[in-house]
Protein chains: 4
Amino acid sequence: MKNLWGGRFREPMDPTALAYSETIAVDSEMLLDDVWGSEAHAIMLGACRIVTGDDLRQILTGLLDIEREAREGRFVLNVEDEDVHMNVERHLTGRVGAAGGRLHTARSRNDQVITDTRVHTRGLIMDIEAELIELQKVLLAFAERHVDTITVGYTHTQHAQPISLGFWATAYVQMLMRDLTRLVQAYEVTNVNPLGAGAMSGTAFPIDRRITTALLGFDAVQEHGLDAVSSRDFAAQLLGALAILMSNLSKIAEELVYWSTYEYGTVQMSDAFSMGSSIMPQKKNPCIAELLRGRTGRAYGLLMELLTNLKGTPTGYNRDLQEDKPPIWQGARLAISSLGAARGMLQTLRVDEARMRQLAGANFATATELADHLVRARDLPFRECHRIVGRLVSELIAAGSSLEDVARARVLLGDLGVDVSEDELRDVLAVERVVDSHRSTGGTAREEVTRMVVAGRARLDAHEQGLVARRESVRAARARTSRVAEAVVAGRPVHEALEPDGVPSPEVVR
Amino acid sequence: MKNLWGGRFREPMDPTALAYSETIAVDSEMLLDDVWGSEAHAIMLGACRIVTGDDLRQILTGLLDIEREAREGRFVLNVEDEDVHMNVERHLTGRVGAAGGRLHTARSRNDQVITDTRVHTRGLIMDIEAELIELQKVLLAFAERHVDTITVGYTHTQHAQPISLGFWATAYVQMLMRDLTRLVQAYEVTNVNPLGAGAMSGTAFPIDRRITTALLGFDAVQEHGLDAVSSRDFAAQLLGALAILMSNLSKIAEELVYWSTYEYGTVQMSDAFSMGSSIMPQKKNPCIAELLRGRTGRAYGLLMELLTNLKGTPTGYNRDLQEDKPPIWQGARLAISSLGAARGMLQTLRVDEARMRQLAGANFATATELADHLVRARDLPFRECHRIVGRLVSELIAAGSSLEDVARARVLLGDLGVDVSEDELRDVLAVERVVDSHRSTGGTAREEVTRMVVAGRARLDAHEQGLVARRESVRAARARTSRVAEAVVAGRPVHEALEPDGVPSPEVVR
Amino acid sequence: MKNLWGGRFREPMDPTALAYSETIAVDSEMLLDDVWGSEAHAIMLGACRIVTGDDLRQILTGLLDIEREAREGRFVLNVEDEDVHMNVERHLTGRVGAAGGRLHTARSRNDQVITDTRVHTRGLIMDIEAELIELQKVLLAFAERHVDTITVGYTHTQHAQPISLGFWATAYVQMLMRDLTRLVQAYEVTNVNPLGAGAMSGTAFPIDRRITTALLGFDAVQEHGLDAVSSRDFAAQLLGALAILMSNLSKIAEELVYWSTYEYGTVQMSDAFSMGSSIMPQKKNPCIAELLRGRTGRAYGLLMELLTNLKGTPTGYNRDLQEDKPPIWQGARLAISSLGAARGMLQTLRVDEARMRQLAGANFATATELADHLVRARDLPFRECHRIVGRLVSELIAAGSSLEDVARARVLLGDLGVDVSEDELRDVLAVERVVDSHRSTGGTAREEVTRMVVAGRARLDAHEQGLVARRESVRAARARTSRVAEAVVAGRPVHEALEPDGVPSPEVVR
Amino acid sequence: MKNLWGGRFREPMDPTALAYSETIAVDSEMLLDDVWGSEAHAIMLGACRIVTGDDLRQILTGLLDIEREAREGRFVLNVEDEDVHMNVERHLTGRVGAAGGRLHTARSRNDQVITDTRVHTRGLIMDIEAELIELQKVLLAFAERHVDTITVGYTHTQHAQPISLGFWATAYVQMLMRDLTRLVQAYEVTNVNPLGAGAMSGTAFPIDRRITTALLGFDAVQEHGLDAVSSRDFAAQLLGALAILMSNLSKIAEELVYWSTYEYGTVQMSDAFSMGSSIMPQKKNPCIAELLRGRTGRAYGLLMELLTNLKGTPTGYNRDLQEDKPPIWQGARLAISSLGAARGMLQTLRVDEARMRQLAGANFATATELADHLVRARDLPFRECHRIVGRLVSELIAAGSSLEDVARARVLLGDLGVDVSEDELRDVLAVERVVDSHRSTGGTAREEVTRMVVAGRARLDAHEQGLVARRESVRAARARTSRVAEAVVAGRPVHEALEPDGVPSPEVVR
């Protein structure tokens, strides 16, 4: 079988070379995107009178057939045809004859493949966003549930200050909100239309790129032909966003792995998200959290894979760029499954509130508060108070005691020249009071955490509405393309079929 | 000398440990930022009546002294004080006594260091943007100069289609425009105020974070305390943007390296951007382009450095995060110098227009046009025309000829069943005509390239105005802080000194 | 269905969690390795009298059955059993009953999985070595064929000095020889036996790790239990070696991509290793070389994936480590296919010797030789000669001429104070003479290149013999295990079955 | 000032270009290496009669002067001379006149710079090895001290089995031993002599590369000229080894960070390796361990930086390769300081043996042992015993109890159909007995750990002797070069000065 591009070739491809270059498995994920792109391109060719009404009807008849088979899983891609584009074109010509050979007018695989890739990638981005929003909802509910669960906050993994567990959970909500923003930014740089760039320099055919932009649900034309076929920065931007997202998930994972140890004992994983040992009967391992942490490396590796690919490759489509899709597909799959795993883990997590409360009081986490109190009540400079409390802590540790031994603390403070009563100390060091006093913006006090939960939910709602609107816009574009194609097949002229919206008129370029 | 935090410690730091952890060299770049942050924090403490007017006056007197010395390069950082923060505080206390010890009230190094880092980083981002805009201007001027310079466009580094050199240059303008957008996005995620987060959980002191936000020129409060001290995704986002930017510059570098070879011979580097060989007297090497290409690796490495750092570190400030600054500083320096090098290289580049024109016609770059012509003039399916022209090319190559041999091409086409006159062929294959016929949106035709130059300049202007506005806003905030500080030192009450804008009232949080 | 490790669990795994953690697809590649490992472990248990002869016979009967089905592709892995180990154990118990439950005595999945991984990885390394050796043979044959093909050598991609094409090819032989050494080093660190480490701390059962070491064809015991289950540096070392190997292949790819351009025109890819364009009928693209270059990124990404995984994970098997296998499998597949593609491309490459010869003389590549000649013949300092020839080149370029214009060169040299005859110049600048005069060790002279081809072939033969010996040793170990297992099943006592070599006696540890 | 290579240039370098390309700061680290290389090259030129005895004497007189000034820190590198090589040559010519211009005969900066780099790098590798050996000695001493300190071993960071702390320490000794091997492998690939490669193709001067090989202390000639100037895989191999080394150190760091938490409480960092908080008076943070963990990212980044650089760069020296030195220098500095920090931290670490012992018994770590006991004593299949003990654990947890409640365990086992006495249980579950029973090769029993300490020390001694021998060999080569140079300056003919060893005769190539 001769390749469709084989006119000037005298020898067939070497099997090793074919195996090294074919992309059937990767391409099969975007078969329906390719067919959609071809439908839109054909309709545009018809609307611009580059192909006749008859030819258009035949082409669309064939494409709708292929679409149907693809949806039903009956369209089989043939490795010898290298890629999804050549498979579709050959099948089309097989069905509708010479008219099929007109589909590729004013189009190159260079703009076709990147069109398909962008259409498919934007869908993946929206899938990731949806999962990310679900995880944040779970975190918000978790935060709400634990707005009064007192625990210890860590810096350097050492006890720092008492906080509420709800406060901890809202920190992740904030981080993930920025991940969501980065995904939206990646979406925006992705959802532009390269179709019409041709091989690289546009075309002399009187095409109208606004039509395919509208039919394919793109936000704008990606105008420059050479840029359109050469650039993959949208993919690098997405993989960068996913690497950062996974770095954030790796932090949750790390914390849950340690919190579920015997030593911390502050949380317990559900049996449903743990696994046992083949040899040690007592083991319940936080495997899902560990995998989440470990798979962070995959996200980093995929980013590095693509960046390396882009280094030093000249403009113009180069075959190196074929390798953009595996990291995008894999990165999206990784993010979606990881977000789901994190969500399930958090939803089923059991919290040991008593242990948390105990830790909050056990190890000097209120020392800053004592220093702050001396600043306020004794009008001493903070640095001086810091020094005094530091000495106090040092003495208490030497005595095997803690700030909970108020009597001893009082005596030691007296030795350091500070006179406080036991009642005053007891009041200052009361963990619940300390937590609730941190009412500065973004502090751990109940009212602040509650405010942040409400604000977070509002921002999340706004994001979700944006996502729904984008999904709907894509869905509508897909539906319109089908409607037009079916109308043409049914015999309506393409210009009428494009009604009521008609052929787009305002120039939309970016 | 005892560390300021050393209350509870009984042994001094080991010299190895101090050498491993001190950050003087890195911190010295943000000395002025640290002083600004302290001035703003002190003013806020005064405005919120957390320190008295007297103490405030003393603190600000000391800080203004330090600022002056720092500006004059006379403020020497001492390694034994570990970092810039402790150096400033110790000097302050040395000058103004006990009042200096009140500066750190309601503040932790955790929020202080990330405040300084964000202030310094936003400045670096704006410096990069400025350089990027200059490079784009040079590319736009280059494009304008070469809107009629015909050359060959490549795909797979093989001759593809004739284009204008101006078209090539505008492709880079488009790519770099997205880099500019990514930098602005990185700026937005950077320029938020973490000060007031305290160690992690906020504070019980009645601070007002809007005041420091306004005085430090931040766009918003970064509200969540734990998030504020734990997160470095802004740095990863910036380094991701720089990695992509460098990947784009590496493409220019690669193209210029090859274009300046004997074999291509389409451009010549200026002597001023080339270097000779110590042994080969004839050599003129494109060293700047090569370095630009090679240093792309550094940008990738810095991104990987930070991402690795973030993997699996729990929330709460961890000392690992100290290592955020070296990659930011180095990445910014790399981007700025690379953009400047690229600009100089392009500005002084000599173009061999005759050689470019010759290549455009020499090697079948108009073959697509011939196929397209047959589609239009003979109403044949494109795929059929592709096959015919492919055979024609194959025969011409076998005969050692090219499409410029119109007579032979006519005969061969006749053999393939297509009857065309020599005049028709000559007209169709005229390179200038081909270029100018590619008038689809984003095509290589003169009018499209000219349109894109104009549009690019407009977008660049808008970016530049945004940059100028941001720079001005930062400058104004710096000036206001100084003005307030000086007024307080001169004896005015802090609330009056904050006039005319007063203490900010609307809650600005993100 | 209850997990085999599920004694202490009260809830089943969540489907999301199972999907996130199961490894069936990855594990299926090492099914036969797992069965081999179990056979060896069972034989050892029998030889050490930890299981009875009867139980051993039943276990081995079952395992041989499973092995047979696996070889015939009839053994289906069940996702609900998570991994290959649990699948094999469950099937075994299903067939032979309670005896099957004795197989896991003194073994953990922790040591089992890393045993399987090492056995499988060593096979992959040998497969890569074999492909690498084949590529080097092709390069050596290519070098031999082109020992007299004169071309220009480049530095900075600028013409540097004339060389033979054979010289160029032998440079790659040298580079790849070091890749081969790195693979052997990776093999050595891989082929040690972790089985017997148990969960991490060894076992109280009186096992003899030398027996499994011998039966599984390992070079030595990896003695330390905690190290054995925790460490994956062997995988990182292999992926590092593959990243460097791919960087070397990317250089060949880059050179062939450019050499096959119209501008260079020094080589032509076979049609069988090229591809056409869907739109441009004239195109013949070096797609295989481009893919080779682009896929280098994948090798870098896989290395970075694993290194990230290892960062900060504590000792003791952690589930993160499950993710060691995908990068190893993928990296090996990538290397093997890339080496094959490079080989095919080189074998079918057509060289344009006339073009190469022309380039060698066209652009001052002999200038160094002229300077060297002046040093020798006129006793001038080299630096002075360099300056003179530099001026000469500069004047010739200004005159649009080259060193081939001997008459003009003579006049210009006279102006610079050096008196040479045209004959002397012609002789000095004769390209063939220049190439052949570079007789220093490792120079481009015919005799040196020929010597290096012979030496390279000898080193390659030695490597190949080493590879064959390792393969044979592994094959013999596999055969011995089968022989012993079959003998036991046939009723012979295990100690007899282990004859003639018997139970290994000398302690082999590393 | 005109560049030494500037003969053919008509314009000076642009300041931007010079700033972008100069390497003075990086090169200054290898100034003495460059001078040594020039001395050796000059001696070789003299011995091969390429320069006269008089010229040689003058050259060496100048070089010895420069060497003296360099050693005393008085030789200042000038940025306008770009690099160390041009600085040295210009100074030399300034001192000894025309003879200085003869030094560069038969040499290029291409082979010169990589010679300097290899000489400097091998020294850095040996410095790293020395630090690594010191760390391993500390670990061995630590292991010896804690051969009887019982603690709990972890898998999945969950309690797995009781081990000795000495066992844990010896695991790191084993890991680091492989790092040592990788460093030696990197040394071997580094320590070969590229000098004599010339620009790329060798030279027609009758040089003898064995002489410089011997004088510079290289193990062999790196024969192929093009390979010698193009290849940087030695650097990538080294950076790969350092990345793996840092990944191992990051594990120690992670473990010590967590072990020193309040929750674990098994170790305490010395005050000398900890730091306090500016706000929280009670804090003692494991900053050195955190930095060690965080800086792992730097090692990964440096590796990625170099690998990216190498991707797709063609053979022949390219200026991209200038960027090989920063990652090598930085990587070495990072490794050396990190190894020192780790050593100091471990040497001063306080271990809480009581807490460790308590953890070992507290949480079912002996459950495997109970299952194993039932296998041995009741002849039940292991899988059955695993199930029984799993149920037992589950019941005990539900009852808030542990295996230390032998009475309850006995009753529950009875319910599960297994009849054991309390004495039997107590004996089986005794933690010390369990540890000591794991006597399989590489197990945690005292005798095995002791054996591994002894064996580790022996291997380390062998490594150290190898290192000492290599250091001595380099030192001797340096001394010989000086001796010969001084003898020539003093008036002895170079051939005599090379006595007693004379000019090397056997061909040493690799």
# chains A, B, ... in the order shown; residues from 1 in each chain; ligands from 1
>>> interface_residues(of="chain A", to="chain C", cutoff="7 Å", atoms="only C-alpha atoms", output="ChimeraX atom specification")
/A:5-14,16-17,20-21,108-109,199,271-273,276-279,281-282,287-288,290-291,293-294,297-298,300-302,304-306,308-309,318-320,323,337,341
>>> residues_around(residues="segment 377-386 of chain A", least_positions_apart="4", cutoff="6 Å", atoms="only C-alpha atoms", output="PyMOL selection string")
(chain A and resi 371+373+390) or (chain B and resi 101-102+105) or (chain D and resi 281)
>>> write_last_selection(atoms="C-alpha atoms", output="compact mmCIF listing (two decimals), in the first residue's frame")
# COMPACT_ATOMS: atom_id res chain seq x y z
CA ALA A 371 6.36 36.31 74.71
CA HIS A 373 1.79 38.60 76.23
CA GLY A 390 13.64 31.01 75.38
CA GLY B 101 13.89 44.99 69.94
CA ARG B 102 10.28 46.00 69.35
CA THR B 105 6.73 42.30 67.27
CA PRO D 281 11.33 31.11 71.57
>>> residues_around(residues="Met356 of chain D", least_positions_apart="5", cutoff="9 Å", atoms="only C-alpha atoms", output="ChimeraX atom specification")
/D:149-152,165,264-267,351
>>> select_by_dssp(residues="segment 122-349 of chain A", states="strand (DSSP E)", output="list in words")
Ile150, Thr151, Val152, Gly153, Tyr154, Thr155, Gln158, His159, Ala160, Gln161, Pro162, Ile163, Ser164, Val192, Asn193, Ala220, Val221, Val267 and Gln268 of chain A
>>> closest_residue(among="D:Thr157, D:Lys325, D:Thr117, D:Pro206", to="Tyr258 of chain D", atoms="only C-alpha atoms")
D:Thr157
>>> residues_around(residues="segment 171-186 of chain C", least_positions_apart="4", cutoff="6 Å", atoms="only C-alpha atoms", output="mmCIF file with all heavy atoms, in the first residue's frame")
data_model
loop_
_atom_site.group_PDB
_atom_site.id
_atom_site.type_symbol
_atom_site.label_atom_id
_atom_site.label_comp_id
_atom_site.auth_asym_id
_atom_site.auth_seq_id
_atom_site.Cartn_x
_atom_site.Cartn_y
_atom_site.Cartn_z
ATOM 1 N N GLN C 136 27.471 0.089 16.633
ATOM 2 C CA GLN C 136 28.897 0.400 16.528
ATOM 3 C C GLN C 136 29.537 -0.359 15.376
ATOM 4 O O GLN C 136 30.409 0.165 14.687
ATOM 5 C CB GLN C 136 29.594 0.071 17.852
ATOM 6 C CG GLN C 136 29.282 1.102 18.923
ATOM 7 C CD GLN C 136 29.911 0.740 20.245
ATOM 8 O OE1 GLN C 136 29.380 -0.113 20.956
ATOM 9 N NE2 GLN C 136 31.017 1.362 20.577
ATOM 10 N N LEU C 238 21.195 3.232 35.767
ATOM 11 C CA LEU C 238 20.851 2.800 34.404
ATOM 12 C C LEU C 238 20.209 3.935 33.618
ATOM 13 O O LEU C 238 20.584 4.212 32.471
ATOM 14 C CB LEU C 238 19.893 1.598 34.479
ATOM 15 C CG LEU C 238 19.294 1.159 33.142
ATOM 16 C CD1 LEU C 238 20.382 0.781 32.140
ATOM 17 C CD2 LEU C 238 18.339 -0.029 33.350
ATOM 18 N N ALA C 241 22.716 6.356 32.538
ATOM 19 C CA ALA C 241 23.484 5.859 31.390
ATOM 20 C C ALA C 241 22.675 5.994 30.100
ATOM 21 O O ALA C 241 23.207 6.354 29.046
ATOM 22 C CB ALA C 241 23.871 4.393 31.630
ATOM 23 N N LEU C 245 23.497 8.092 26.742
ATOM 24 C CA LEU C 245 23.457 7.403 25.444
ATOM 25 C C LEU C 245 22.562 8.142 24.457
ATOM 26 O O LEU C 245 22.933 8.387 23.304
ATOM 27 C CB LEU C 245 22.941 5.965 25.659
ATOM 28 C CG LEU C 245 22.549 5.168 24.408
ATOM 29 C CD1 LEU C 245 23.745 4.978 23.481
ATOM 30 C CD2 LEU C 245 21.988 3.791 24.792
ATOM 31 N N LEU D 226 38.424 14.288 17.429
ATOM 32 C CA LEU D 226 37.079 14.861 17.359
ATOM 33 C C LEU D 226 36.282 14.511 18.613
ATOM 34 O O LEU D 226 35.556 15.336 19.170
ATOM 35 C CB LEU D 226 36.371 14.342 16.092
ATOM 36 C CG LEU D 226 34.956 14.831 15.838
ATOM 37 C CD1 LEU D 226 34.868 16.352 15.835
ATOM 38 C CD2 LEU D 226 34.448 14.270 14.503
ATOM 39 N N ASP D 227 36.425 13.271 19.056
ATOM 40 C CA ASP D 227 35.781 12.849 20.300
ATOM 41 C C ASP D 227 36.285 13.689 21.469
ATOM 42 O O ASP D 227 35.505 14.164 22.310
ATOM 43 C CB ASP D 227 36.089 11.366 20.523
ATOM 44 C CG ASP D 227 35.549 10.822 21.829
ATOM 45 O OD1 ASP D 227 34.478 11.280 22.264
ATOM 46 O OD2 ASP D 227 36.186 9.932 22.412
#
>>> residues_around(residues="segment 90-92 of chain C", least_positions_apart="2", cutoff="8 Å", atoms="only C-alpha atoms", output="PyMOL selection string")
chain C and resi 4+59+62-63+66+86-88+94-97+100
>>> write_last_selection(atoms="C-alpha atoms", output="CSV table (one decimal), in the first residue's frame")
chain,number,residue,atom,x,y,z
C,4,LEU,CA,-4.1,-12.4,50.8
C,59,ILE,CA,4.8,-26.1,45.2
C,62,GLY,CA,2.2,-25.8,40.7
C,63,LEU,CA,4.8,-23.4,39.7
C,66,ILE,CA,2.0,-21.7,35.9
C,86,MET,CA,-0.4,-12.1,44.6
C,87,ASN,CA,-1.7,-13.5,41.3
C,88,VAL,CA,0.9,-16.3,41.2
C,94,GLY,CA,-5.8,-22.8,44.0
C,95,ARG,CA,-4.0,-25.6,42.4
C,96,VAL,CA,-2.0,-27.3,45.1
C,97,GLY,CA,-3.9,-26.2,48.2
C,100,GLY,CA,1.0,-23.1,48.3
>>> select_by_dssp(residues="segment 183-288 of chain C", states="alpha helix (DSSP H)", output="PyMOL selection string")
chain C and resi 183-190+209-215+225-230+233-259+287-288
>>> write_last_selection(atoms="N, CA and C atoms", output="short mmCIF file (atom, residue, chain, number, x, y, z; two decimals), in the first residue's frame")
data_model
loop_
_atom_site.label_atom_id
_atom_site.label_comp_id
_atom_site.auth_asym_id
_atom_site.auth_seq_id
_atom_site.Cartn_x
_atom_site.Cartn_y
_atom_site.Cartn_z
N LEU C 183 26.82 0.96 30.54
CA LEU C 183 25.79 -0.08 30.62
C LEU C 183 26.31 -1.28 31.40
N VAL C 184 27.55 -1.64 31.16
CA VAL C 184 28.13 -2.77 31.91
C VAL C 184 28.19 -2.42 33.40
N GLN C 185 28.56 -1.18 33.71
CA GLN C 185 28.57 -0.76 35.11
C GLN C 185 27.16 -0.83 35.71
N ALA C 186 26.17 -0.43 34.93
CA ALA C 186 24.79 -0.51 35.42
C ALA C 186 24.39 -1.98 35.62
N TYR C 187 24.86 -2.84 34.72
CA TYR C 187 24.56 -4.26 34.85
C TYR C 187 25.14 -4.80 36.16
N GLU C 188 26.38 -4.41 36.42
CA GLU C 188 27.04 -4.94 37.62
C GLU C 188 26.33 -4.52 38.90
N VAL C 189 25.86 -3.30 38.94
CA VAL C 189 25.19 -2.83 40.16
C VAL C 189 23.77 -3.42 40.24
N THR C 190 23.26 -3.90 39.11
CA THR C 190 21.91 -4.47 39.06
C THR C 190 21.90 -5.95 39.44
N ARG C 209 21.09 -17.79 51.30
CA ARG C 209 20.90 -16.89 50.17
C ARG C 209 21.81 -17.22 48.99
N ARG C 210 22.85 -18.01 49.24
CA ARG C 210 23.72 -18.39 48.13
C ARG C 210 22.99 -19.29 47.14
N ILE C 211 22.02 -20.06 47.66
CA ILE C 211 21.32 -20.98 46.75
C ILE C 211 20.48 -20.19 45.74
N THR C 212 19.70 -19.23 46.23
CA THR C 212 18.90 -18.46 45.27
C THR C 212 19.80 -17.62 44.38
N THR C 213 20.92 -17.15 44.92
CA THR C 213 21.86 -16.39 44.11
C THR C 213 22.33 -17.22 42.92
N ALA C 214 22.69 -18.46 43.20
CA ALA C 214 23.17 -19.32 42.13
C ALA C 214 22.05 -19.68 41.16
N LEU C 215 20.88 -20.03 41.71
CA LEU C 215 19.78 -20.48 40.84
C LEU C 215 19.26 -19.35 39.97
N GLY C 225 19.75 -6.31 54.36
CA GLY C 225 18.31 -6.42 54.16
C GLY C 225 17.63 -5.08 53.94
N LEU C 226 17.94 -4.11 54.77
CA LEU C 226 17.30 -2.80 54.68
C LEU C 226 17.73 -2.08 53.40
N ASP C 227 18.99 -2.18 53.07
CA ASP C 227 19.49 -1.62 51.81
C ASP C 227 18.79 -2.29 50.63
N ALA C 228 18.67 -3.61 50.70
CA ALA C 228 18.12 -4.36 49.56
C ALA C 228 16.71 -3.93 49.21
N VAL C 229 15.87 -3.69 50.23
CA VAL C 229 14.48 -3.34 49.93
C VAL C 229 14.30 -1.84 49.68
N SER C 230 15.25 -1.01 50.14
CA SER C 230 15.09 0.44 50.06
C SER C 230 15.71 1.07 48.81
N ASP C 233 19.09 2.87 43.51
CA ASP C 233 20.14 3.59 42.78
C ASP C 233 20.58 2.84 41.53
N PHE C 234 20.41 1.52 41.52
CA PHE C 234 20.78 0.79 40.29
C PHE C 234 19.93 1.28 39.13
N ALA C 235 18.66 1.56 39.40
CA ALA C 235 17.77 2.03 38.34
C ALA C 235 18.14 3.44 37.92
N ALA C 236 18.49 4.28 38.89
CA ALA C 236 18.89 5.65 38.54
C ALA C 236 20.19 5.63 37.74
N GLN C 237 21.10 4.72 38.12
CA GLN C 237 22.36 4.63 37.38
C GLN C 237 22.10 4.19 35.94
N LEU C 238 21.19 3.23 35.77
CA LEU C 238 20.85 2.80 34.40
C LEU C 238 20.21 3.93 33.62
N LEU C 239 19.25 4.62 34.23
CA LEU C 239 18.57 5.70 33.51
C LEU C 239 19.54 6.84 33.20
N GLY C 240 20.50 7.07 34.09
CA GLY C 240 21.55 8.05 33.80
C GLY C 240 22.36 7.63 32.58
N ALA C 241 22.72 6.36 32.54
CA ALA C 241 23.48 5.86 31.39
C ALA C 241 22.68 5.99 30.10
N LEU C 242 21.38 5.72 30.19
CA LEU C 242 20.54 5.82 28.98
C LEU C 242 20.38 7.28 28.56
N ALA C 243 20.29 8.18 29.52
CA ALA C 243 20.17 9.61 29.16
C ALA C 243 21.41 10.05 28.40
N ILE C 244 22.59 9.63 28.87
CA ILE C 244 23.82 10.02 28.17
C ILE C 244 23.87 9.36 26.80
N LEU C 245 23.50 8.09 26.74
CA LEU C 245 23.46 7.40 25.44
C LEU C 245 22.56 8.14 24.46
N MET C 246 21.38 8.52 24.92
CA MET C 246 20.46 9.22 24.02
C MET C 246 21.02 10.59 23.64
N SER C 247 21.76 11.22 24.54
CA SER C 247 22.36 12.51 24.16
C SER C 247 23.37 12.30 23.03
N ASN C 248 24.07 11.19 23.06
CA ASN C 248 25.00 10.91 21.96
C ASN C 248 24.25 10.63 20.65
N LEU C 249 23.18 9.85 20.75
CA LEU C 249 22.40 9.58 19.53
C LEU C 249 21.78 10.87 19.00
N SER C 250 21.41 11.77 19.89
CA SER C 250 20.81 13.04 19.43
C SER C 250 21.80 13.85 18.60
N LYS C 251 23.09 13.66 18.86
CA LYS C 251 24.09 14.37 18.07
C LYS C 251 24.16 13.80 16.64
N ILE C 252 24.16 12.48 16.55
CA ILE C 252 24.13 11.87 15.20
C ILE C 252 22.90 12.39 14.47
N ALA C 253 21.78 12.38 15.17
CA ALA C 253 20.52 12.78 14.55
C ALA C 253 20.61 14.22 14.05
N GLU C 254 21.09 15.11 14.91
CA GLU C 254 21.21 16.51 14.53
C GLU C 254 22.10 16.65 13.30
N GLU C 255 23.21 15.96 13.29
CA GLU C 255 24.14 16.10 12.16
C GLU C 255 23.50 15.59 10.87
N LEU C 256 22.81 14.45 10.95
CA LEU C 256 22.21 13.91 9.73
C LEU C 256 21.04 14.77 9.25
N VAL C 257 20.29 15.33 10.19
CA VAL C 257 19.21 16.24 9.78
C VAL C 257 19.79 17.39 8.96
N TYR C 258 20.87 17.97 9.42
CA TYR C 258 21.43 19.12 8.70
C TYR C 258 22.19 18.70 7.45
N TRP C 259 22.93 17.61 7.53
CA TRP C 259 23.68 17.18 6.35
C TRP C 259 22.76 16.82 5.18
N CYS C 287 12.47 12.16 9.01
CA CYS C 287 11.63 12.01 10.21
C CYS C 287 12.25 11.11 11.27
N ILE C 288 12.93 10.07 10.85
CA ILE C 288 13.49 9.15 11.84
C ILE C 288 14.58 9.85 12.65
#
>>> atom_distance(atom1="atom CA of Asp461 of chain B", atom2="atom CA of Thr315 of chain A")
25.6 Å
>>> closest_residue(among="A:Met30, A:Cys48, A:Leu416, A:Ala485", to="Asp83 of chain A", atoms="only C-alpha atoms")
A:Met30
>>> residues_around(residues="Arg433 of chain A", least_positions_apart="4", cutoff="12 Å", atoms="only C-alpha atoms", output="ChimeraX atom specification")
/A:148,150,162-164,361,366,369,426-429,437-439,444-446 /B:204
>>> residues_around(residues="segment 80-82 of chain A", least_positions_apart="6", cutoff="7 Å", atoms="only C-alpha atoms", output="list in words")
Asn3, Glu22, Thr23 and Ile24 of chain A
>>> atom_distance(atom1="atom CA of Ala479 of chain D", atom2="atom CA of Ser38 of chain D")
14.6 Å
>>> atom_distance(atom1="atom CA of Ser201 of chain B", atom2="atom CA of Asp54 of chain B")
28.9 Å
